[in-house]
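Step one of this worksheet: look at the structure below.
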Amino acid sequence: MSANDPFARLPQAASFTVTSTTVADGAPWPPEQHSSGVPGGKDVSPQLSWSGAPEGTRSYAVTVYDPDAPTGSGFWHWAVTDIPATVTSLPEGAGDDTGSGLPEGAFQLPNDARAPRYLGAAPPAGHGPHRYVTVVHALDTESLGIPADATPAVLGFTMAGHILGRAVLTTTAETPATP
């Protein structure tokens, strides 16, 4: 695991709280949150609930990012934007192929595998533990106005000037080396 801080070059933002019935902060992802390409993996997005967002929040975005992926740029597993400010939770599985658990108006962007859905953890065998940084971003606008085929990097760049707060939940996953 590297010391790569995914927030090091981003603007400061107020902190608020995100929790999950799926996994605790600092704990390993359960098998269901791993990629279907990993034994036991099911690509099921985690349940998330948040509270204490800053005043003036008009929408949210949710991202799941692996800064430890051996790519030079990390790996985006999930990106959702335009979540209404009245919504303070997402059910487990909201990030399926259809976004069936997302509130009206919210939509998923393609992850780094170019699929607009949640893609579970799948660190390379023997690469060591990876961190999965799940962030709920409180935004000062109802919509960022980005197209549905934008990348998570475009989402991050576009929302940088609109972030009022961040709620962060960090989990881990590791695939043992094959003998």
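Please note that chains go A, B, ... in the order of the structure tokens, that every chain numbers its residues from 1, and that ligands are numbered from 1 in the order shown.
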Pro28 of chain A environment, 7 Å, only C-alpha atoms, sequence neighbours closer than 3 positions dropped, as a ChimeraX atom specification: /A:171-173
Prev. selection, all heavy atoms, output as a compact mmCIF listing (two decimals), in the first residue's frame:
# COMPACT_ATOMS: atom_id res chain seq x y z
N THR A 171 -11.95 1.63 3.07
CA THR A 171 -11.96 0.19 3.26
C THR A 171 -10.72 -0.40 2.59
O THR A 171 -9.96 0.33 1.94
CB THR A 171 -13.24 -0.43 2.68
OG1 THR A 171 -13.35 -0.02 1.31
CG2 THR A 171 -14.46 0.04 3.43
N THR A 172 -10.53 -1.70 2.72
CA THR A 172 -9.36 -2.34 2.13
C THR A 172 -9.75 -3.63 1.42
O THR A 172 -10.83 -4.18 1.65
CB THR A 172 -8.31 -2.68 3.22
OG1 THR A 172 -8.89 -3.63 4.13
CG2 THR A 172 -7.82 -1.45 3.95
N ALA A 173 -8.86 -4.11 0.59
CA ALA A 173 -9.00 -5.42 -0.04
C ALA A 173 -7.61 -5.88 -0.46
O ALA A 173 -6.73 -5.06 -0.75
CB ALA A 173 -9.92 -5.37 -1.25
Compile a residue-level contact table for segment 32-143 of chain A against segment 8-14 of chain A at a cut-off of 10 Å, reporting for every qualifying residue the shortest atom pair and its distance in Å to one decimal, with only C-alpha atoms counted, rows ordered by chain and ascending number, as a Markdown table.
| residue | atom | partner | partner_atom | distance |
| --- | --- | --- | --- | --- |
| A:Gly52 | CA | A:Ala14 | CA | 9.9 |
| A:Ala53 | CA | A:Ala14 | CA | 8.3 |
| A:Pro54 | CA | A:Ala14 | CA | 7.1 |
| A:His137 | CA | A:Ala13 | CA | 9.3 |
| A:Ala138 | CA | A:Ala14 | CA | 9.1 |
task: Please provide the set of residues having any atom within 10 Å of Thr86 of chain A, restricted to only C-alpha atoms, with same-chain residues fewer than 4 positions apart removed, written as a count of residues only.
output: 5
Write down as a CSV table (one decimal) with N, CA and C atoms, in the first residue's frame the residues belonging to segment 1-149 of chain A that are assigned strand (DSSP E) by DSSP computed on the backbone.
chain,number,residue,atom,x,y,z
A,14,ALA,N,-15.1,21.1,4.3
A,14,ALA,CA,-15.6,20.7,5.6
A,14,ALA,C,-15.8,19.2,5.6
A,15,SER,N,-15.7,18.6,6.8
A,15,SER,CA,-15.9,17.2,7.0
A,15,SER,C,-17.3,16.9,7.5
A,17,THR,N,-20.2,13.2,8.0
A,17,THR,CA,-20.2,11.8,8.4
A,17,THR,C,-20.8,10.9,7.3
A,18,VAL,N,-20.1,9.8,7.0
A,18,VAL,CA,-20.7,8.7,6.2
A,18,VAL,C,-20.5,7.4,6.9
A,19,THR,N,-21.5,6.6,7.0
A,19,THR,CA,-21.5,5.3,7.6
A,19,THR,C,-22.0,4.3,6.6
A,48,LEU,N,-24.8,3.1,1.9
A,48,LEU,CA,-24.1,4.3,2.5
A,48,LEU,C,-25.2,5.2,3.1
A,49,SER,N,-24.9,5.8,4.2
A,49,SER,CA,-25.8,6.8,4.8
A,49,SER,C,-24.9,8.0,5.3
A,50,TRP,N,-25.4,9.2,5.1
A,50,TRP,CA,-24.5,10.3,5.5
A,50,TRP,C,-25.4,11.4,6.3
A,51,SER,N,-24.7,12.2,7.1
A,51,SER,CA,-25.3,13.2,7.9
A,51,SER,C,-24.4,14.3,8.2
A,59,SER,N,-26.7,19.3,-3.7
A,59,SER,CA,-26.6,17.9,-4.3
A,59,SER,C,-25.4,17.2,-3.7
A,60,TYR,N,-25.3,15.9,-4.1
A,60,TYR,CA,-24.2,15.1,-3.6
A,60,TYR,C,-23.7,14.3,-4.9
A,61,ALA,N,-22.4,14.0,-4.8
A,61,ALA,CA,-21.8,13.0,-5.7
A,61,ALA,C,-21.1,11.9,-4.8
A,62,VAL,N,-21.1,10.7,-5.2
A,62,VAL,CA,-20.4,9.6,-4.5
A,62,VAL,C,-19.4,9.0,-5.4
A,63,THR,N,-18.2,8.8,-4.9
A,63,THR,CA,-17.1,8.1,-5.6
A,63,THR,C,-16.5,7.0,-4.8
A,64,VAL,N,-16.0,6.0,-5.5
A,64,VAL,CA,-15.1,5.0,-4.9
A,64,VAL,C,-13.9,4.9,-5.7
A,65,TYR,N,-12.7,5.1,-5.1
A,65,TYR,CA,-11.5,5.2,-5.7
A,65,TYR,C,-10.4,4.3,-5.0
A,66,ASP,N,-9.6,3.6,-5.8
A,66,ASP,CA,-8.4,2.9,-5.3
A,66,ASP,C,-7.2,3.6,-5.7
A,75,PHE,N,-7.5,3.8,-9.6
A,75,PHE,CA,-8.6,3.2,-10.4
A,75,PHE,C,-9.9,3.7,-9.8
A,76,TRP,N,-10.8,4.2,-10.6
A,76,TRP,CA,-12.1,4.6,-10.2
A,76,TRP,C,-13.1,3.4,-10.3
A,77,HIS,N,-13.7,3.0,-9.2
A,77,HIS,CA,-14.6,1.9,-9.2
A,77,HIS,C,-16.1,2.3,-9.3
A,78,TRP,N,-16.4,3.6,-8.9
A,78,TRP,CA,-17.8,4.0,-9.0
A,78,TRP,C,-17.8,5.5,-8.9
A,79,ALA,N,-18.7,6.1,-9.6
A,79,ALA,CA,-19.0,7.6,-9.6
A,79,ALA,C,-20.4,7.8,-9.9
A,80,VAL,N,-21.1,8.5,-9.0
A,80,VAL,CA,-22.5,8.9,-9.1
A,80,VAL,C,-22.6,10.4,-8.9
A,81,THR,N,-23.4,11.1,-9.7
A,81,THR,CA,-23.6,12.5,-9.5
A,81,THR,C,-25.0,12.9,-9.5
A,82,ASP,N,-25.3,14.1,-9.2
A,82,ASP,CA,-26.6,14.7,-9.2
A,82,ASP,C,-27.6,14.0,-8.3
A,83,ILE,N,-27.1,13.6,-7.1
A,83,ILE,CA,-27.9,13.0,-6.1
A,83,ILE,C,-28.6,14.2,-5.3
A,84,PRO,N,-29.9,14.3,-5.3
A,84,PRO,CA,-30.6,15.4,-4.7
A,84,PRO,C,-30.2,15.6,-3.2
A,89,SER,N,-29.0,8.7,1.8
A,89,SER,CA,-28.5,7.3,1.9
A,89,SER,C,-28.7,6.7,0.5
A,90,LEU,N,-27.9,5.6,0.3
A,90,LEU,CA,-28.1,4.8,-0.9
A,90,LEU,C,-28.1,3.3,-0.4
A,107,PHE,N,-27.2,9.8,-11.6
A,107,PHE,CA,-26.8,8.9,-12.6
A,107,PHE,C,-25.3,8.5,-12.4
A,108,GLN,N,-25.0,7.3,-12.9
A,108,GLN,CA,-23.6,6.7,-12.7
A,108,GLN,C,-22.8,7.1,-14.0
A,130,HIS,N,-4.9,-2.9,-0.7
A,130,HIS,CA,-5.3,-1.7,-1.4
A,130,HIS,C,-6.4,-1.0,-0.6
A,131,ARG,N,-6.3,0.4,-0.6
A,131,ARG,CA,-7.4,1.2,0.0
A,131,ARG,C,-8.4,1.5,-1.0
A,132,TYR,N,-9.7,1.5,-0.5
A,132,TYR,CA,-10.8,1.9,-1.4
A,132,TYR,C,-11.5,3.1,-0.6
A,133,VAL,N,-11.3,4.3,-1.2
A,133,VAL,CA,-11.8,5.5,-0.6
A,133,VAL,C,-13.2,5.9,-1.2
A,134,THR,N,-14.2,5.7,-0.3
A,134,THR,CA,-15.5,6.0,-0.7
A,134,THR,C,-15.8,7.4,-0.1
A,135,VAL,N,-16.2,8.3,-1.0
A,135,VAL,CA,-16.5,9.7,-0.6
A,135,VAL,C,-17.8,10.1,-1.0
A,136,VAL,N,-18.5,10.8,-0.1
A,136,VAL,CA,-19.8,11.5,-0.4
A,136,VAL,C,-19.3,13.0,-0.4
A,137,HIS,N,-19.5,13.6,-1.6
A,137,HIS,CA,-19.1,15.0,-1.8
A,137,HIS,C,-20.4,15.8,-1.7
A,138,ALA,N,-20.4,16.8,-0.8
A,138,ALA,CA,-21.5,17.8,-0.7
A,138,ALA,C,-21.2,18.9,-1.6
A,139,LEU,N,-22.2,19.2,-2.5
A,139,LEU,CA,-21.9,20.2,-3.6
A,139,LEU,C,-22.9,21.4,-3.5
- request: Considering only C-alpha atoms, return as a ChimeraX atom specification whatever protein or nucleic-acid residues lie within 9 Å of Leu109 of chain A, sequence-local ones (same chain, fewer than 3 positions apart) excluded.
  value: /A:78-81,114-117,147-152,155
How about saving the chosen residues, all heavy atoms kept, as a JSON list (two decimals), in the first residue's frame?
[["chain", "number", "residue", "atom", "x", "y", "z"],
["A", 78, "TRP", "N", -16.41, 3.56, -8.91],
["A", 78, "TRP", "CA", -17.80, 4.01, -8.95],
["A", 78, "TRP", "C", -17.84, 5.52, -8.88],
["A", 78, "TRP", "O", -17.08, 6.14, -8.13],
["A", 78, "TRP", "CB", -18.58, 3.41, -7.79],
["A", 78, "TRP", "CG", -20.07, 3.43, -7.87],
["A", 78, "TRP", "CD1", -20.84, 3.38, -8.99],
["A", 78, "TRP", "CD2", -20.97, 3.45, -6.76],
["A", 78, "TRP", "NE1", -22.18, 3.37, -8.65],
["A", 78, "TRP", "CE2", -22.28, 3.41, -7.27],
["A", 78, "TRP", "CE3", -20.80, 3.50, -5.38],
["A", 78, "TRP", "CZ2", -23.41, 3.42, -6.46],
["A", 78, "TRP", "CZ3", -21.93, 3.50, -4.57],
["A", 78, "TRP", "CH2", -23.22, 3.46, -5.12],
["A", 79, "ALA", "N", -18.74, 6.11, -9.64],
["A", 79, "ALA", "CA", -18.96, 7.55, -9.60],
["A", 79, "ALA", "C", -20.43, 7.82, -9.90],
["A", 79, "ALA", "O", -20.96, 7.37, -10.92],
["A", 79, "ALA", "CB", -18.08, 8.28, -10.61],
["A", 80, "VAL", "N", -21.09, 8.51, -8.97],
["A", 80, "VAL", "CA", -22.50, 8.87, -9.10],
["A", 80, "VAL", "C", -22.61, 10.37, -8.87],
["A", 80, "VAL", "O", -21.98, 10.90, -7.94],
["A", 80, "VAL", "CB", -23.37, 8.14, -8.04],
["A", 80, "VAL", "CG1", -24.84, 8.50, -8.21],
["A", 80, "VAL", "CG2", -23.16, 6.64, -8.11],
["A", 81, "THR", "N", -23.39, 11.05, -9.68],
["A", 81, "THR", "CA", -23.55, 12.49, -9.50],
["A", 81, "THR", "C", -25.03, 12.88, -9.55],
["A", 81, "THR", "O", -25.89, 12.06, -9.88],
["A", 81, "THR", "CB", -22.73, 13.28, -10.54],
["A", 81, "THR", "OG1", -22.72, 14.66, -10.17],
["A", 81, "THR", "CG2", -23.25, 13.10, -11.94],
["A", 114, "ARG", "N", -14.93, 1.40, -17.92],
["A", 114, "ARG", "CA", -15.86, 2.02, -18.87],
["A", 114, "ARG", "C", -17.28, 1.49, -18.76],
["A", 114, "ARG", "O", -18.06, 1.57, -19.71],
["A", 114, "ARG", "CB", -15.35, 1.93, -20.31],
["A", 114, "ARG", "CG", -13.99, 2.59, -20.53],
["A", 114, "ARG", "CD", -13.88, 4.04, -20.12],
["A", 114, "ARG", "NE", -14.83, 4.89, -20.82],
["A", 114, "ARG", "CZ", -15.38, 5.98, -20.29],
["A", 114, "ARG", "NH1", -15.08, 6.36, -19.08],
["A", 114, "ARG", "NH2", -16.23, 6.72, -20.97],
["A", 115, "ALA", "N", -17.64, 0.97, -17.59],
["A", 115, "ALA", "CA", -19.01, 0.52, -17.35],
["A", 115, "ALA", "C", -19.68, 1.47, -16.36],
["A", 115, "ALA", "O", -19.11, 1.73, -15.30],
["A", 115, "ALA", "CB", -19.01, -0.91, -16.80],
["A", 116, "PRO", "N", -20.86, 2.00, -16.67],
["A", 116, "PRO", "CA", -21.54, 2.91, -15.76],
["A", 116, "PRO", "C", -22.25, 2.15, -14.63],
["A", 116, "PRO", "O", -23.45, 1.97, -14.63],
["A", 116, "PRO", "CB", -22.54, 3.65, -16.67],
["A", 116, "PRO", "CG", -22.83, 2.66, -17.76],
["A", 116, "PRO", "CD", -21.56, 1.87, -17.94],
["A", 117, "ARG", "N", -21.46, 1.68, -13.68],
["A", 117, "ARG", "CA", -21.94, 0.86, -12.58],
["A", 117, "ARG", "C", -20.84, 0.78, -11.52],
["A", 117, "ARG", "O", -19.74, 1.25, -11.74],
["A", 117, "ARG", "CB", -22.31, -0.55, -13.05],
["A", 117, "ARG", "CG", -21.12, -1.30, -13.68],
["A", 117, "ARG", "CD", -21.33, -2.81, -13.81],
["A", 117, "ARG", "NE", -21.41, -3.39, -12.48],
["A", 117, "ARG", "CZ", -22.49, -4.05, -12.01],
["A", 117, "ARG", "NH1", -23.54, -4.22, -12.75],
["A", 117, "ARG", "NH2", -22.50, -4.54, -10.80],
["A", 147, "PRO", "N", -21.91, 15.30, -18.94],
["A", 147, "PRO", "CA", -22.61, 14.25, -19.67],
["A", 147, "PRO", "C", -22.46, 12.90, -18.98],
["A", 147, "PRO", "O", -21.51, 12.65, -18.24],
["A", 147, "PRO", "CB", -21.92, 14.25, -21.04],
["A", 147, "PRO", "CG", -20.58, 14.87, -20.81],
["A", 147, "PRO", "CD", -20.74, 15.81, -19.65],
["A", 148, "ALA", "N", -23.40, 12.01, -19.25],
["A", 148, "ALA", "CA", -23.43, 10.68, -18.62],
["A", 148, "ALA", "C", -22.24, 9.82, -19.02],
["A", 148, "ALA", "O", -21.93, 8.85, -18.32],
["A", 148, "ALA", "CB", -24.72, 9.96, -18.98],
["A", 149, "ASP", "N", -21.55, 10.16, -20.10],
["A", 149, "ASP", "CA", -20.39, 9.37, -20.51],
["A", 149, "ASP", "C", -19.07, 10.00, -20.06],
["A", 149, "ASP", "O", -17.99, 9.54, -20.45],
["A", 149, "ASP", "CB", -20.38, 9.14, -22.02],
["A", 149, "ASP", "CG", -20.24, 10.42, -22.82],
["A", 149, "ASP", "OD1", -20.34, 11.53, -22.25],
["A", 149, "ASP", "OD2", -20.03, 10.31, -24.06],
["A", 150, "ALA", "N", -19.13, 11.03, -19.21],
["A", 150, "ALA", "CA", -17.90, 11.66, -18.68],
["A", 150, "ALA", "C", -17.16, 10.66, -17.79],
["A", 150, "ALA", "O", -17.75, 9.76, -17.22],
["A", 150, "ALA", "CB", -18.25, 12.91, -17.89],
["A", 151, "THR", "N", -15.87, 10.85, -17.66],
["A", 151, "THR", "CA", -15.07, 10.00, -16.79],
["A", 151, "THR", "C", -15.15, 10.50, -15.34],
["A", 151, "THR", "O", -15.49, 11.66, -15.10],
["A", 151, "THR", "CB", -13.60, 10.01, -17.22],
["A", 151, "THR", "OG1", -13.09, 11.33, -17.06],
["A", 151, "THR", "CG2", -13.44, 9.55, -18.68],
["A", 152, "PRO", "N", -14.80, 9.66, -14.38],
["A", 152, "PRO", "CA", -14.72, 10.13, -13.00],
["A", 152, "PRO", "C", -13.71, 11.28, -12.83],
["A", 152, "PRO", "O", -13.91, 12.14, -11.98],
["A", 152, "PRO", "CB", -14.31, 8.89, -12.21],
["A", 152, "PRO", "CG", -14.87, 7.76, -13.02],
["A", 152, "PRO", "CD", -14.66, 8.20, -14.45],
["A", 155, "LEU", "N", -15.55, 14.32, -13.65],
["A", 155, "LEU", "CA", -16.40, 14.63, -12.50],
["A", 155, "LEU", "C", -15.60, 15.35, -11.43],
["A", 155, "LEU", "O", -15.99, 16.40, -10.94],
["A", 155, "LEU", "CB", -17.02, 13.35, -11.93],
["A", 155, "LEU", "CG", -17.76, 13.50, -10.60],
["A", 155, "LEU", "CD1", -19.00, 14.38, -10.75],
["A", 155, "LEU", "CD2", -18.12, 12.13, -10.03]]
Separation of atom CA of Gly156 of chain A from atom CA of Ser73 of chain A, in Å and rounded to one decimal: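 Interatomic distance, atom CA of Gly156 of chain A to atom CA of Ser73 of chain A: 13.2 Å.
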message: Please return, as a PyMOL selection string, all residues of chain A that DSSP assigns to helix (DSSP H, G or I) on the basis of the backbone.
response: chain A and resi 31-33+152-162
message: Counting only C-alpha atoms, which residue out of A:Gly95, A:Gly37, A:Gly74, A:Pro124 sits closest to Asp112 of chain A?
response: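 When distances to Asp112 of chain A are compared using only C-alpha atoms, the smallest one comes from A:Gly74.
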- request: For Pro46 of chain A, work out the shell of residues within 8 Å, counting only C-alpha atoms and skipping chain neighbours fewer than 6 positions away, then give it as a ChimeraX atom specification.
  value: /A:20-23,33,91-94
Mind dumping the selected residues with all heavy atoms as a PDB file, in the first residue's frame?
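Writing the result to selection.pdb gives the following:
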ATOM      1  N   SER A  20     -21.845   2.982   6.916  1.00  0.00           N
ATOM      2  CA  SER A  20     -22.350   1.920   6.059  1.00  0.00           C
ATOM      3  C   SER A  20     -22.750   0.723   6.908  1.00  0.00           C
ATOM      4  O   SER A  20     -22.038   0.364   7.850  1.00  0.00           O
ATOM      5  CB  SER A  20     -21.267   1.501   5.058  1.00  0.00           C
ATOM      6  OG  SER A  20     -21.694   0.412   4.273  1.00  0.00           O
ATOM      7  N   THR A  21     -23.856   0.103   6.549  1.00  0.00           N
ATOM      8  CA  THR A  21     -24.228  -1.160   7.182  1.00  0.00           C
ATOM      9  C   THR A  21     -23.487  -2.314   6.522  1.00  0.00           C
ATOM     10  O   THR A  21     -23.489  -3.422   7.041  1.00  0.00           O
ATOM     11  CB  THR A  21     -25.749  -1.407   7.098  1.00  0.00           C
ATOM     12  OG1 THR A  21     -26.142  -1.420   5.724  1.00  0.00           O
ATOM     13  CG2 THR A  21     -26.523  -0.329   7.860  1.00  0.00           C
ATOM     14  N   THR A  22     -22.836  -2.050   5.397  1.00  0.00           N
ATOM     15  CA  THR A  22     -22.108  -3.068   4.659  1.00  0.00           C
ATOM     16  C   THR A  22     -20.720  -3.299   5.240  1.00  0.00           C
ATOM     17  O   THR A  22     -20.268  -4.436   5.343  1.00  0.00           O
ATOM     18  CB  THR A  22     -21.969  -2.654   3.175  1.00  0.00           C
ATOM     19  OG1 THR A  22     -23.258  -2.422   2.629  1.00  0.00           O
ATOM     20  CG2 THR A  22     -21.245  -3.709   2.359  1.00  0.00           C
ATOM     21  N   VAL A  23     -20.045  -2.225   5.622  1.00  0.00           N
ATOM     22  CA  VAL A  23     -18.646  -2.313   6.048  1.00  0.00           C
ATOM     23  C   VAL A  23     -18.324  -1.145   6.972  1.00  0.00           C
ATOM     24  O   VAL A  23     -18.880  -0.056   6.828  1.00  0.00           O
ATOM     25  CB  VAL A  23     -17.702  -2.325   4.816  1.00  0.00           C
ATOM     26  CG1 VAL A  23     -17.750  -1.011   4.060  1.00  0.00           C
ATOM     27  CG2 VAL A  23     -16.283  -2.717   5.175  1.00  0.00           C
ATOM     28  N   GLN A  33     -18.570  -7.074  -2.218  1.00  0.00           N
ATOM     29  CA  GLN A  33     -18.105  -5.799  -2.764  1.00  0.00           C
ATOM     30  C   GLN A  33     -16.838  -5.960  -3.607  1.00  0.00           C
ATOM     31  O   GLN A  33     -16.269  -4.984  -4.074  1.00  0.00           O
ATOM     32  CB  GLN A  33     -17.884  -4.777  -1.649  1.00  0.00           C
ATOM     33  CG  GLN A  33     -19.187  -4.127  -1.183  1.00  0.00           C
ATOM     34  CD  GLN A  33     -20.141  -5.095  -0.525  1.00  0.00           C
ATOM     35  OE1 GLN A  33     -19.781  -5.833   0.386  1.00  0.00           O
ATOM     36  NE2 GLN A  33     -21.382  -5.120  -0.993  1.00  0.00           N
ATOM     37  N   PRO A  91     -29.059   2.516  -0.943  1.00  0.00           N
ATOM     38  CA  PRO A  91     -29.132   1.126  -0.512  1.00  0.00           C
ATOM     39  C   PRO A  91     -27.995   0.296  -1.100  1.00  0.00           C
ATOM     40  O   PRO A  91     -27.425   0.651  -2.138  1.00  0.00           O
ATOM     41  CB  PRO A  91     -30.484   0.658  -1.062  1.00  0.00           C
ATOM     42  CG  PRO A  91     -30.701   1.500  -2.270  1.00  0.00           C
ATOM     43  CD  PRO A  91     -30.086   2.842  -1.937  1.00  0.00           C
ATOM     44  N   GLU A  92     -27.688  -0.810  -0.432  1.00  0.00           N
ATOM     45  CA  GLU A  92     -26.717  -1.743  -1.000  1.00  0.00           C
ATOM     46  C   GLU A  92     -27.232  -2.184  -2.360  1.00  0.00           C
ATOM     47  O   GLU A  92     -28.421  -2.432  -2.539  1.00  0.00           O
ATOM     48  CB  GLU A  92     -26.542  -2.937  -0.064  1.00  0.00           C
ATOM     49  CG  GLU A  92     -25.401  -3.851  -0.496  1.00  0.00           C
ATOM     50  CD  GLU A  92     -25.098  -4.917   0.537  1.00  0.00           C
ATOM     51  OE1 GLU A  92     -25.821  -5.934   0.555  1.00  0.00           O
ATOM     52  OE2 GLU A  92     -24.159  -4.731   1.325  1.00  0.00           O
ATOM     53  N   GLY A  93     -26.342  -2.240  -3.340  1.00  0.00           N
ATOM     54  CA  GLY A  93     -26.722  -2.651  -4.680  1.00  0.00           C
ATOM     55  C   GLY A  93     -27.225  -1.535  -5.573  1.00  0.00           C
ATOM     56  O   GLY A  93     -27.598  -1.782  -6.717  1.00  0.00           O
ATOM     57  N   ALA A  94     -27.240  -0.287  -5.080  1.00  0.00           N
ATOM     58  CA  ALA A  94     -27.724   0.840  -5.898  1.00  0.00           C
ATOM     59  C   ALA A  94     -26.923   0.998  -7.180  1.00  0.00           C
ATOM     60  O   ALA A  94     -27.425   1.499  -8.175  1.00  0.00           O
ATOM     61  CB  ALA A  94     -27.675   2.141  -5.100  1.00  0.00           C
TER      62      ALA A  94
END
query: Pick the closest to Leu102 of chain A from A:Gln47, A:His127, A:Leu169, A:Ala69: which is it, counting only C-alpha atoms?
result: A:Gln47
- request: Write out as a list in words the residues lying within 9 Å of Gly41 of chain A, counting only C-alpha atoms and excluding same-chain residues fewer than 6 positions away.
  value: Pro30, Pro31, Glu32, Gln33, His34, Ser35, Gly120, Ala121 and Ala122 of chain A
- prompt: Hey, can you check how far atom CA of Ala113 of chain A sits from atom CA of Gly161 of chain A?
  reply: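 Atom CA of Ala113 of chain A sits 26.5 Å away from atom CA of Gly161 of chain A.
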Counting only C-alpha atoms, the option among A:Ala160, A:Val87, A:Val168, A:Val154 closest to Gly26 of chain A: A:Val168
